[in-house]
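Below is one structure; the comments refer to it alone.
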Amino acid sequence: MFKPKFFLISPSKLILIIIFIITVGCQQKETNISHHTTWSHYGGSPDQSKFFESPGITKANVGEMELLWSYPSGDDRFYFFSPIIVDSTMYVLGKNSSLIAIHAKTGEELWIHTDLSGITRRGINYYESKDKKDKRLLFTLNNSIQAIDAETGKSILDFGDNGYVDLREGLDREPTSITRIQPMMPGVIYDNLLILGSAPGEGYFSPPGHIRAYNVVTGKLEWTFHTIPHPGEYGYETWPKDAYKYVGGANVWSEISVDSERGIAYLPIGSPTYDYYGADRLGSNLFANSLVAVDARTGERIWHYQTVHHDLWDYDLSPAPQLLTVDKDGKKVDAVAIATKHGFVFVFDRETGEPLFPIEEKPFPKSEMPGEESWPTQPITSLPSFTRHEVTKENLNPYFSDSLRQDWLQRLDSAKSGLYVPPSDKYETIMMPGALGGANYGNTAADPRNGIMYIQTQEYASTYRLNKVESPKNELTDNDVDKVKSLYGSSCIACHGPNMEGGAGPSLKNIGHHMFYQEFRNTVINGKGVMPGLVHVDEASLKALFQFLGGDPERRSFRRGNQQAEPVDGPVVASGGVAIPPDAQRGAPMQDYPEDVDHPENRYTTDYGLDWPGLIDPPWSSILAYDLNNGTIKWRRPIGVDSLYVQGDESKGAPNGTQRKGMVITSTGIVFATAKGGKVYAFDNEDGSVLWETTLSNETNAQPSMFTLDGKEYLVINATSNFRRDSYDHSKKPGAIAKGYVVYGIPDKK
């Protein structure tokens, strides 16, 4: 048995030892944050903290920041792409979905790889070998992983199978039946691995969202973590027998964070299918809606915590887990914190998964839907929530017209609202927050050193009512038509006109006769030209809309290969990525349960109920500093500009003001944040006071980035989106900058 031994140490030696320990500790802390000096990942670094060492831009001089240069995107498309910067090169997306390398100080084009339509929308990954001889960009393109030489812009053909890896393989489904699997986010690089999530869709029978890691050089699949466990695996008993054969989702469609020193990846896993009715997945459903820590080298589970049991509300874990060091009860603890769509913050010991603040299982209402068994309790943290959880007559939007207010007062009489109220087909449920949060992807950041997490949040309700899924039919029911008209009115009418005859967008009259369903579906989900993607439209609504526009969802295209792209000016080095051979046997998507599994007689669905972003009283969107040392909200400020209800009053925030927005946190105590209306703020990290702000000529829907070049620091923002549903349009003002990437900094003194 080991017995401790004690030695007598002279006071002088003891002092030397203490000095040595302090010195080593300081050096270790410097090592921990050294990778925050570049922006070679979507969130700056593998930890996705959006934290940046910026000694040159301080609270004293940030007010001097100006637009230094811009790079026009060269078309009229919306881009959600977040630039990465390596050495003196910035990588952006523009010119009809071309990947472009530009000089980070001047915007000079270095190379252009054109026609990458279908590329991961929000960013790419950068990898370089230790000897810096191999520098490559990795991304997903039309359900494949591909690699491009970062210096030449040309495809790397010895990656994977002649230049690509098929992401449809290895997902417990017939690969040819999978039409959608690649993630919206770029994944994360750890050592020589690309750790990747997915976006398989949220309808019945969507593919499972298993997390996979691929070798960045060879493309070889190195490990898979089954988010829906297989027989014999941990968590299998939390599902019905053989659920892995038909349940989908439970995916990471957002940001995976990695503790590079410990080699731990933190997976914020989303909801299982179907989002709002789970009679075919009775149980708590691990690892859906769970924060899971896995060994980044092997994918082996270390610990997990489920934030929603048997989710019926689409409460994905979508914001990035934040890795911070907190001072808890006088001790420094390396922690991981996750903010949720429904307004809670959960904080855990990074290595053990032990909660740092108490979490209590509390009872909630029972579902009354046939076959459904909602989980009797849900975990509620002792930390204060950052959103409201109920829509009442008292907190309705005070700017509603009298008639609209009366309509809503009557609607609330027959509806139910409140945290974890199960959806129903008998009455409407009004969830606050709804499908878009709360906090959503890109909406968390941190200063890893001091235990402060920053959260962007919005008070956005969803309205739900379940409807039975009917057998496939050729004609639309009255209910289908009502849903289509609601979808068209909320998402399409502004551009395509009240009669579908066009306006800002083209006419949609009988467009279904001129295109196949898959092309239509990809356009709606991913966007095209000035049209943004509508990622939350469910499959049933998409098919109904296509039928409403004269199409037949079952008519299939036999076209293969890349279509002719529009010509691009500049130093073009390649086009189209690696051409993927056509599938000789492309099958239909999975549409029913396997014959050998038990399943409920009926299925139910609802839309996402996103028609009312300003349903309750302001502030509608906010940014806040959450002090995780003591579990308090340090400060909170409204963000974004609204013109729908309060005509530009910035004290109210903006409805839907933080969706697709982001932050950068600097070592000098500045919180840069973007918000609806083209707003860019610099907040003081101590009290949230505004140190600087500007208004972009075009809306931003991407994560901002920072970089240092030749000793000078820059903030770069993708400003390529249109202002929608607003009475203002800054792109029309004198001196407006063309759509593109705008770079701010402190001008050189003359």
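Labels for the structure tokens follow display order: chains A, B, ..., residues from 1 in each chain, ligands from 1.
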
Sorted by chain and rising residue number, list the residues of stretch 110-184 of chain A at most 9 Å from stretch 238-262 of chain A (counting only C-alpha atoms), each with its closest atom pair and distance in Å to one decimal, as CSV.
residue,atom,partner,partner_atom,distance
A:Asp172,CA,A:Lys245,CA,6.5
A:Arg173,CA,A:Lys245,CA,7.6
A:Gln182,CA,A:Trp253,CA,8.8
A:Pro183,CA,A:Trp253,CA,5.5
A:Met184,CA,A:Trp253,CA,6.2

Quiz item: A:Trp111: which residues within 12 Å, counting only C-alpha atoms, same-chain residues fewer than 6 positions away excluded, as JSON, numbers by chain?
Solution: {"A": [89, 90, 91, 92, 93, 98, 99, 100, 101, 102, 103, 148, 149, 150, 151, 152, 153, 154, 568, 569, 570, 571, 572, 573, 574, 575]}

Quiz prompt | Distance query A:His36 at most 8 Å, only C-alpha atoms, self and fewer than 3 positions along chain excluded, as an NGL selection string | solution = :A and (33 or 39 or 44-45 or 51-53)

Self-check item: Test item: residues at most 6 Å from stretch 360-370 of chain A, only C-alpha atoms, excluding those fewer than 3 positions along its chain, as a ChimeraX atom specification
Solution: /A:374,376-380,422

Could you save the residues just selected, with N, CA, C and O atoms, as a PDB file, in the first residue's frame?
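Contents of result28.pdb, as written:
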ATOM      1  N   SER A 374     -45.291  11.378 -22.589  1.00  0.00           N
ATOM      2  CA  SER A 374     -44.304  12.411 -22.276  1.00  0.00           C
ATOM      3  C   SER A 374     -43.570  12.031 -20.993  1.00  0.00           C
ATOM      4  O   SER A 374     -44.112  11.342 -20.128  1.00  0.00           O
ATOM      5  N   PRO A 376     -42.268  12.290 -17.363  1.00  0.00           N
ATOM      6  CA  PRO A 376     -42.958  12.961 -16.252  1.00  0.00           C
ATOM      7  C   PRO A 376     -42.209  14.131 -15.640  1.00  0.00           C
ATOM      8  O   PRO A 376     -42.820  15.012 -15.024  1.00  0.00           O
ATOM      9  N   THR A 377     -40.873  14.154 -15.783  1.00  0.00           N
ATOM     10  CA  THR A 377     -40.084  15.244 -15.197  1.00  0.00           C
ATOM     11  C   THR A 377     -39.110  15.781 -16.233  1.00  0.00           C
ATOM     12  O   THR A 377     -38.801  15.122 -17.227  1.00  0.00           O
ATOM     13  N   GLN A 378     -38.616  16.992 -15.970  1.00  0.00           N
ATOM     14  CA  GLN A 378     -37.587  17.600 -16.806  1.00  0.00           C
ATOM     15  C   GLN A 378     -36.568  18.293 -15.906  1.00  0.00           C
ATOM     16  O   GLN A 378     -36.915  18.788 -14.820  1.00  0.00           O
ATOM     17  N   PRO A 379     -35.297  18.342 -16.319  1.00  0.00           N
ATOM     18  CA  PRO A 379     -34.259  18.955 -15.476  1.00  0.00           C
ATOM     19  C   PRO A 379     -34.321  20.476 -15.524  1.00  0.00           C
ATOM     20  O   PRO A 379     -34.313  21.066 -16.602  1.00  0.00           O
ATOM     21  N   ILE A 380     -34.380  21.083 -14.359  1.00  0.00           N
ATOM     22  CA  ILE A 380     -34.405  22.538 -14.233  1.00  0.00           C
ATOM     23  C   ILE A 380     -33.207  22.971 -13.396  1.00  0.00           C
ATOM     24  O   ILE A 380     -33.074  22.577 -12.230  1.00  0.00           O
ATOM     25  N   PRO A 422     -47.209  19.761 -23.378  1.00  0.00           N
ATOM     26  CA  PRO A 422     -47.118  18.864 -24.535  1.00  0.00           C
ATOM     27  C   PRO A 422     -48.001  19.327 -25.689  1.00  0.00           C
ATOM     28  O   PRO A 422     -49.115  19.819 -25.472  1.00  0.00           O
TER      29      PRO A 422
END

Quiz item: Could you pull the residues within 9 Å of stretch 286-298 of chain A, counting only C-alpha atoms, minus those fewer than 5 positions along the same chain, as a count of residues only?
Solution: 53

Quiz item: Which polymer residues have any atom within 9 Å of an atom of A:Ile189, counting only C-alpha atoms, with same-chain residues fewer than 4 positions away left out, as an MDAnalysis selection string?
Solution: chainID A and resid 41 46 125:127 193:196 216 258

Quiz item: Can you list every residue in stretch 390-501 of chain A that DSSP puts in helix (DSSP H, G or I), as a PyMOL selection string?
Solution: chain A and resi 402-414+478-491+493-496

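Closest approach to A:Met706 among A:Thr37, A:Ser490, A:Ser206, A:Ser424 is made by A:Thr37 (distances from only C-alpha atoms).
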
Self-check item: Residue with smallest distance to A:Glu174 - pool A:Ile616, A:Ile359, A:Ala588, A:Val86, counting only C-alpha atoms
Solution: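 Checking each candidate against A:Glu174, we get A:Ala588 as the closest.
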
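Distance-wise, atom CA of A:Arg136 and atom CA of A:Lys50 end up 22.1 Å apart.
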
Self-check item: Atom-to-atom span, atom CA of A:Ile302 and atom CA of A:Lys328, Å
Solution: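 Those two atoms sit 22.6 Å apart.
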